[in-house]
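> I am attaching a structure below and will ask some questions about it afterwards.
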Amino acid sequence: MTDARAFAAIDYDYLIIGAGAGGLAVATRLSEKEELKIGIIEAGTLHEADPIIDIPANVGKASGNPLYDWSFETIPQPGAAGRSITLPRGKMVGGSTGINNMAWTRASRPEYDAWELFGPNSGWNWEGLLPYMKQSTNVFPDQTNLPIVNVKLFDPKFEGLTGPVSASFNSWYSDVFPAYLSAANSSGISPNFGSDEGTTTGLSNCRSNVERSTGTRSYAAPAYYCSHASRPNFHVLVNSQVCTLSKSPTRASSSNSYTATGVEFFSNNITYTAQAKKEVILAAGTIQSPQILELSGIGNSSILQSVGIEPLIDLPQVGENMQDHLFAPAQYRLKPGITTFDALRINETVTAEQAAIYAQNGSGMLSGTDTALSFLPLDHYADSKTVDSLKHTFDAILGNNSSSTFRRTQYEVQRDWLQQGHVPQSEIIMWSRGAAPLANESYITLLSGVLHPASRGSVHIKSKDPLDRPTIDAGWLMIDFDVLIILQTLKFAMKIATREPLASMIDGLVIPLPDVHNDTALINFIRENAASASHLMGTVAMAPRGIGGVLDNSLTVYGTTNLRVCDASTLPNGIGTHLQSTIYAIGEKLADIIKEHD
Ligand SMILES: Cc1cc2nc3c(=O)[nH]c(=O)nc-3n(C[C@H](O)[C@H](O)[C@H](O)COP(=O)(O)OP(=O)(O)OC[C@H]3O[C@@H](n4cnc5c(N)ncnc54)[C@H](O)[C@@H]3O)c2cc1C
């Protein structure tokens, strides 16, 4: 829908802000009740049949392009050598699922079970989320095209067969893929053929959110919206940016409760008001959900007053607690004749052949993504002395009395995971391509990342103007524990590259440069080169209000009667995985919570 005036003339039951993973999942499920009117307002547009989005091998091409990407930027990060770092965020129907890297993964059982501490008695745990992770997924069970990778076949206890988002294994693998698997195995990383079953430790060939019958990206727009766009009770208004929530004191159910009546939004430079009879659900993502709350007077009173906004609900943790996964690269040039995704960049013959294959049946290189992921607890890559030293480093963080109760509870969970050793602390992603490629060369890049950092960031408005971008301080690597984890992971990844049969395929190390040969130099390299995995989470967290939470266990904002949040900002405690399948599951689950009481 593009007519803002017509949209604003309708009284919706539920008004959702943002058509990304969380927003579309909750909205589409609510629209299954024909008597409910559901409206979504989305700042971006609908990209139907757009090869930049749809063709998996085009991954990364939408980033930085304002047609698809908000392209946020952090303030200079002292922990990252003073760099300001670009943060891609999808701006379209589908949100960030339209530009993401398509890794389809889950965290381990204890990581979801830890959420119970922050949102008790409502099934925010592995058992409570698993049905919704299955419900959102349509796993492509055909494994016949996997000559080189041994994977466990479809298990209905853990995988869904009828959900909207398609997930499948690649039908094309690069020449380095099997060599890397062997080298990683012989370095001590055991294969994990059931990484969706609650234990992520080990090396897995993950599924991608690719519809294998067409070879196209399966993301929130086609999965949750396009197939239901004809529902008369379901409208998505595009190219319209929500500025603030509107509220009516007369509709408050008690003297100190805030009741949202709708939102104010811009469309073509005109301001409109849209009405919600029952609820407003914020799903604008980890950066913009807190922004909209603050613009509406909900947040830390001092921050709001400093920009001239009257505080309506004092919730000091709005915009705080931001977590992310940071990765540092080791990139190797390969010997001539070894085919990786780089061939699509450097070899016209291969490109033409692959385009023909893709046009014929949606298979081949153009339908492929990078899928070799290793999730590693500390003792898988560090010796016992280093493990003890890292635990002591974390103890010092825990002993810091200035941490809030909320942060302290998170740190206690993280410390317990370090001790138990069953929750991965690091991930190594193998890319069959260069991160910063030169002409006529092929590469392999090993990305080493921290999954449970101690550092936290924040996002806050800097003025009353809704079009003014918020200040994002990611806080990356401000606590040394995080850089030390990446250091150990990177050193281990570089050891994998010395193992056969991979070693014989490598022509030379490109980055880190040869003079980066000791820990001090590597730490500097990490600070200068680590990049975000774009897994931002936690800025509007579910947790008890007394310890600094913003949302109760029905994802309702404290102090409000009918304002919920449904996106990656709600995560109370970081999870060490790629986020999308979890965010879809949150949307699916919230729809059931709402339907139960509607
Ligand atoms: C480059 C990149 C790579 C990634 N790779 C992976 C991966 O491989 N695997 C994985 O699992 N996850 C990956 N992720 C993460 C995953 O895609 C996100 O965590 C997930 O999409 C977050 O869902 P969300 O609902 O919180 O927000 P989003 O999906 O980002 O949706 C938010 C929506 O709200 C809209 N919006 C924002 N503000 C307003 C406003 N004021 N008015 C109206 N609309 C508004 C936005 O335009 C957007 O459409 C990646 C993310 C990025 C950016």
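We name chains A, B, ... following the order of the structure tokens; residues begin at 1 in each chain, and ligands are numbered from 1 as shown.
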Among stretch 202-428 of chain A, which residues does DSSP mark as strand (DSSP E) when it is run on the backbone? Keep the chain and numbering as in the structure and answer as a ChimeraX atom specification.

/A:202-205,207-208,210-211,216-217,234-237,241-247,260-267,270-282,298-299,313-314,326-334,372-376,426-428

> Neighbours of ligand 1 at 7 Å or closer, counting only C-alpha atoms and all ligand atoms: which residues, as a ChimeraX atom specification?

/A:17-23,41-44,60,63,88-97,99-105,240-243,283-286,288-289,292,533-536,566-569,578-581,583

> With only C-alpha atoms as the counted atoms, please give the residues lying no more than 9 Å from stretch 545-550 of chain A, apart from itself and same-chain residues fewer than 3 positions off, as a list in words.

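Selected residues are Phe118, Gly299, Leu315, Pro316, Gln317, Val318, Ser404, Thr405, Phe406, Arg407, Thr539, Val540, Ala541, Met542, Leu555, Thr556, Val557, Tyr558, Thr570 and Pro572 of chain A.
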
> Can you tell me which residues surround stretch 272-279 of chain A at a distance of at most 9 Å, considering only C-alpha atoms, apart from same-chain residues fewer than 6 positions away, and format the answer as a list in words?

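The residues satisfying every condition are Ala4, Arg5, Phe7, Ala8, Ala9, Ile10, Asp11, Tyr12, Asp13, Tyr14, Leu15, Ile16, Gly39, Ser246, Thr259, Ala260, Thr261, Gly262, Val263, Glu264, Phe265, Phe266, Thr561, Asn562, Leu563, Arg564 and Asp598 of chain A.
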
> Applying 9 Å and only C-alpha atoms, which residues near stretch 382-393 of chain A remain after dropping the ones on its own chain fewer than 5 positions away? List them as a list in words.

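So, after excluding close chain neighbours, the residues are Leu398, Arg415, Leu418, Gln419, Asp480, Phe481, Leu484, Ile485, Gln488, Thr489 and Phe492 of chain A.
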
> Those residues you just picked out, can you put them in a file as an mmCIF file, in the first residue's frame with C-alpha atoms?


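What follows is the written file selection_39.cif:
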```
data_model
loop_
_atom_site.group_PDB
_atom_site.id
_atom_site.type_symbol
_atom_site.label_atom_id
_atom_site.label_comp_id
_atom_site.auth_asym_id
_atom_site.auth_seq_id
_atom_site.Cartn_x
_atom_site.Cartn_y
_atom_site.Cartn_z
ATOM 1 C CA LEU A 398 32.404 -9.554 37.597
ATOM 2 C CA ARG A 415 30.894 -16.606 33.855
ATOM 3 C CA LEU A 418 32.919 -20.110 30.805
ATOM 4 C CA GLN A 419 33.176 -22.497 33.731
ATOM 5 C CA ASP A 480 39.955 -6.441 27.124
ATOM 6 C CA PHE A 481 38.320 -9.854 27.607
ATOM 7 C CA LEU A 484 41.623 -11.544 24.079
ATOM 8 C CA ILE A 485 38.907 -13.986 22.962
ATOM 9 C CA GLN A 488 42.950 -16.707 20.718
ATOM 10 C CA THR A 489 40.340 -17.543 18.075
ATOM 11 C CA PHE A 492 43.643 -20.918 16.176
#
```

> How close does each residue of stretch 30-139 of chain A get to stretch 442-460 of chain A, giving the shortest atom pair and distance in Å to one decimal for every residue with an atom at most 12 Å away, counting only C-alpha atoms, sorted by chain and residue number, as a Markdown table?


```
| residue | atom | partner | partner_atom | distance |
| --- | --- | --- | --- | --- |
| A:Phe72 | CA | A:Val459 | CA | 11.2 |
| A:Glu73 | CA | A:Val459 | CA | 11.1 |
| A:Thr74 | CA | A:Val459 | CA | 9.2 |
| A:Ile75 | CA | A:Val459 | CA | 10.3 |
| A:Gln77 | CA | A:Gly457 | CA | 10.2 |
| A:Gly79 | CA | A:Ser455 | CA | 9.8 |
| A:Ala107 | CA | A:Leu451 | CA | 10.4 |
| A:Ser108 | CA | A:Leu451 | CA | 11.9 |
| A:Glu111 | CA | A:His452 | CA | 10.2 |
```

> Select, from A:Pro544, A:Pro329, A:Gly421, A:Gly64, the residue with the minimum atom-to-atom distance to A:Lys491, counting only C-alpha atoms.

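Going through A:Pro544, A:Pro329, A:Gly421, A:Gly64 one by one, the smallest distance to A:Lys491 is for A:Pro329.
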
> Need the shell around A:Lys595: protein/DNA/RNA residues with any atom at most 9 Å away, counting only C-alpha atoms. Skip same-chain ones fewer than 4 positions apart. Format as a ChimeraX atom specification?

/A:30,33,590-591

> Could the residues in this selection be saved with C-alpha atoms as a CSV table (one decimal), in the first residue's frame?


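Output contents, as saved in out-v5.csv:
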```
chain,number,residue,atom,x,y,z
A,30,LEU,CA,-2.1,-11.8,13.9
A,33,LYS,CA,-7.7,-13.8,12.6
A,590,LEU,CA,4.4,-13.0,20.6
A,591,ALA,CA,1.5,-13.4,18.1
```

> Please give the complete set of residues from stretch 291-399 of chain A that DSSP, run on the backbone, assigns to alpha helix (DSSP H), formatted as a PyMOL selection string.

chain A and resi 291-295+301-306+343-346+348-361+384-398

> Based on the selection just made, write N, CA and C atoms of those residues as a tab-separated table (two decimals), in the first residue's frame.


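Now in part-v1.tsv:
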```tsv
chain	number	residue	atom	x	y	z
A	291	GLN	N	15.04	4.46	19.59
A	291	GLN	CA	14.94	5.86	19.11
A	291	GLN	C	13.49	6.34	19.19
A	292	ILE	N	12.55	5.51	18.71
A	292	ILE	CA	11.14	5.92	18.70
A	292	ILE	C	10.60	6.03	20.13
A	293	LEU	N	11.03	5.12	21.01
A	293	LEU	CA	10.60	5.22	22.41
A	293	LEU	C	11.07	6.55	22.99
A	294	GLU	N	12.34	6.88	22.79
A	294	GLU	CA	12.85	8.13	23.38
A	294	GLU	C	12.16	9.35	22.78
A	295	LEU	N	11.94	9.34	21.47
A	295	LEU	CA	11.24	10.48	20.86
A	295	LEU	C	9.83	10.64	21.42
A	301	SER	N	15.11	9.64	31.83
A	301	SER	CA	14.59	11.02	31.95
A	301	SER	C	15.66	12.06	31.69
A	302	SER	N	16.88	11.82	32.21
A	302	SER	CA	17.92	12.85	32.02
A	302	SER	C	18.25	13.01	30.54
A	303	ILE	N	18.34	11.91	29.83
A	303	ILE	CA	18.66	12.01	28.39
A	303	ILE	C	17.52	12.74	27.67
A	304	LEU	N	16.29	12.40	28.03
A	304	LEU	CA	15.14	13.03	27.35
A	304	LEU	C	15.12	14.54	27.63
A	305	GLN	N	15.31	14.89	28.91
A	305	GLN	CA	15.28	16.32	29.26
A	305	GLN	C	16.40	17.08	28.56
A	306	SER	N	17.55	16.43	28.40
A	306	SER	CA	18.69	17.13	27.78
A	306	SER	C	18.42	17.51	26.32
A	343	ALA	N	35.53	-16.32	-8.35
A	343	ALA	CA	35.50	-16.54	-9.80
A	343	ALA	C	34.42	-15.67	-10.46
A	344	LEU	N	33.33	-15.41	-9.73
A	344	LEU	CA	32.26	-14.57	-10.28
A	344	LEU	C	32.72	-13.13	-10.47
A	345	ARG	N	33.80	-12.78	-9.82
A	345	ARG	CA	34.34	-11.43	-9.89
A	345	ARG	C	35.46	-11.33	-10.92
A	346	ILE	N	36.19	-12.45	-11.13
A	346	ILE	CA	37.41	-12.34	-11.91
A	346	ILE	C	37.41	-13.15	-13.21
A	348	GLU	N	35.28	-14.17	-16.51
A	348	GLU	CA	34.06	-13.93	-17.31
A	348	GLU	C	33.44	-15.22	-17.81
A	349	THR	N	34.29	-16.20	-18.13
A	349	THR	CA	33.76	-17.47	-18.64
A	349	THR	C	32.94	-18.17	-17.57
A	350	VAL	N	33.52	-18.27	-16.36
A	350	VAL	CA	32.79	-18.90	-15.26
A	350	VAL	C	31.50	-18.14	-14.98
A	351	THR	N	31.57	-16.82	-14.99
A	351	THR	CA	30.39	-16.01	-14.70
A	351	THR	C	29.28	-16.30	-15.71
A	352	ALA	N	29.64	-16.37	-16.98
A	352	ALA	CA	28.63	-16.63	-18.03
A	352	ALA	C	28.05	-18.04	-17.87
A	353	GLU	N	28.93	-19.01	-17.61
A	353	GLU	CA	28.44	-20.40	-17.43
A	353	GLU	C	27.48	-20.47	-16.24
A	354	GLN	N	27.88	-19.83	-15.15
A	354	GLN	CA	27.05	-19.92	-13.93
A	354	GLN	C	25.73	-19.17	-14.11
A	355	ALA	N	25.77	-18.06	-14.85
A	355	ALA	CA	24.52	-17.34	-15.10
A	355	ALA	C	23.55	-18.22	-15.89
A	356	ALA	N	24.09	-18.98	-16.82
A	356	ALA	CA	23.24	-19.87	-17.63
A	356	ALA	C	22.64	-20.98	-16.75
A	357	ILE	N	23.48	-21.55	-15.88
A	357	ILE	CA	22.99	-22.61	-14.98
A	357	ILE	C	21.90	-22.05	-14.07
A	358	TYR	N	22.13	-20.88	-13.56
A	358	TYR	CA	21.16	-20.27	-12.63
A	358	TYR	C	19.84	-19.98	-13.36
A	359	ALA	N	19.96	-19.47	-14.59
A	359	ALA	CA	18.75	-19.15	-15.35
A	359	ALA	C	17.95	-20.43	-15.64
A	360	GLN	N	18.67	-21.54	-15.81
A	360	GLN	CA	17.99	-22.79	-16.14
A	360	GLN	C	17.22	-23.37	-14.96
A	361	ASN	N	17.87	-23.48	-13.81
A	361	ASN	CA	17.18	-24.14	-12.68
A	361	ASN	C	17.52	-23.56	-11.30
A	384	SER	N	45.21	-24.81	28.68
A	384	SER	CA	44.55	-24.67	29.98
A	384	SER	C	45.03	-23.42	30.73
A	385	LYS	N	46.29	-23.05	30.53
A	385	LYS	CA	46.79	-21.83	31.20
A	385	LYS	C	46.03	-20.59	30.67
A	386	THR	N	45.85	-20.55	29.36
A	386	THR	CA	45.14	-19.40	28.76
A	386	THR	C	43.67	-19.40	29.18
A	387	VAL	N	43.08	-20.60	29.23
A	387	VAL	CA	41.67	-20.68	29.66
A	387	VAL	C	41.54	-20.11	31.07
A	388	ASP	N	42.45	-20.53	31.99
A	388	ASP	CA	42.40	-20.03	33.37
A	388	ASP	C	42.58	-18.52	33.41
A	389	SER	N	43.52	-18.04	32.60
A	389	SER	CA	43.78	-16.61	32.58
A	389	SER	C	42.54	-15.83	32.08
A	390	LEU	N	41.87	-16.37	31.06
A	390	LEU	CA	40.67	-15.68	30.55
A	390	LEU	C	39.55	-15.70	31.60
A	391	LYS	N	39.46	-16.80	32.33
A	391	LYS	CA	38.44	-16.86	33.39
A	391	LYS	C	38.74	-15.81	34.47
A	392	HIS	N	40.03	-15.66	34.81
A	392	HIS	CA	40.39	-14.65	35.82
A	392	HIS	C	40.10	-13.25	35.30
A	393	THR	N	40.36	-13.05	34.02
A	393	THR	CA	40.05	-11.72	33.44
A	393	THR	C	38.55	-11.45	33.60
A	394	PHE	N	37.75	-12.49	33.38
A	394	PHE	CA	36.31	-12.28	33.50
A	394	PHE	C	35.91	-12.07	34.96
A	395	ASP	N	36.58	-12.76	35.88
A	395	ASP	CA	36.29	-12.58	37.31
A	395	ASP	C	36.49	-11.12	37.72
A	396	ALA	N	37.51	-10.50	37.17
A	396	ALA	CA	37.77	-9.09	37.51
A	396	ALA	C	36.61	-8.21	37.03
A	397	ILE	N	36.05	-8.58	35.86
A	397	ILE	CA	34.90	-7.81	35.34
A	397	ILE	C	33.71	-7.99	36.28
A	398	LEU	N	33.52	-9.23	36.70
A	398	LEU	CA	32.40	-9.55	37.60
A	398	LEU	C	32.56	-8.87	38.94
```

> Which residue gives the smallest distance to A:Gln331 among A:Leu551, A:Ala531, A:Ile506, A:Ala80, with only C-alpha atoms counted?

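Ranking A:Leu551, A:Ala531, A:Ile506, A:Ala80 by distance to A:Gln331, first place goes to A:Ile506.
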
> Pick from A:Asn121, A:Ser31, A:Ser71, A:Thr340: nearest to A:Ser174, with only C-alpha atoms counted?

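Residue with the minimum atom-to-atom distance to A:Ser174: A:Thr340.
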
> So how far away is atom CA of A:Gln135 from atom CA of A:Pro110, in Å?

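According to the coordinates, atom CA of A:Pro110 and atom CA of A:Gln135 are separated by 20.9 Å.
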
> Just checking: using only C-alpha atoms, which residue out of A:Thr577, A:Asn321, A:Thr498, A:Asn300 ends up closest to A:Ile472?

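The shortest atom-to-atom distance to A:Ile472 comes from A:Asn321.
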
> When distances are computed from only C-alpha atoms, which of A:Ala435, A:Ala49, A:Ile461, A:Ala530 shows the smallest separation from A:Tyr332?

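That would be A:Ala435, the residue with the smallest distance to A:Tyr332.
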
> Using only C-alpha atoms, can you tell me which of A:Ala223, A:Val413, A:Ile496, A:Leu326 comes closest to A:Ala114?

A:Val413
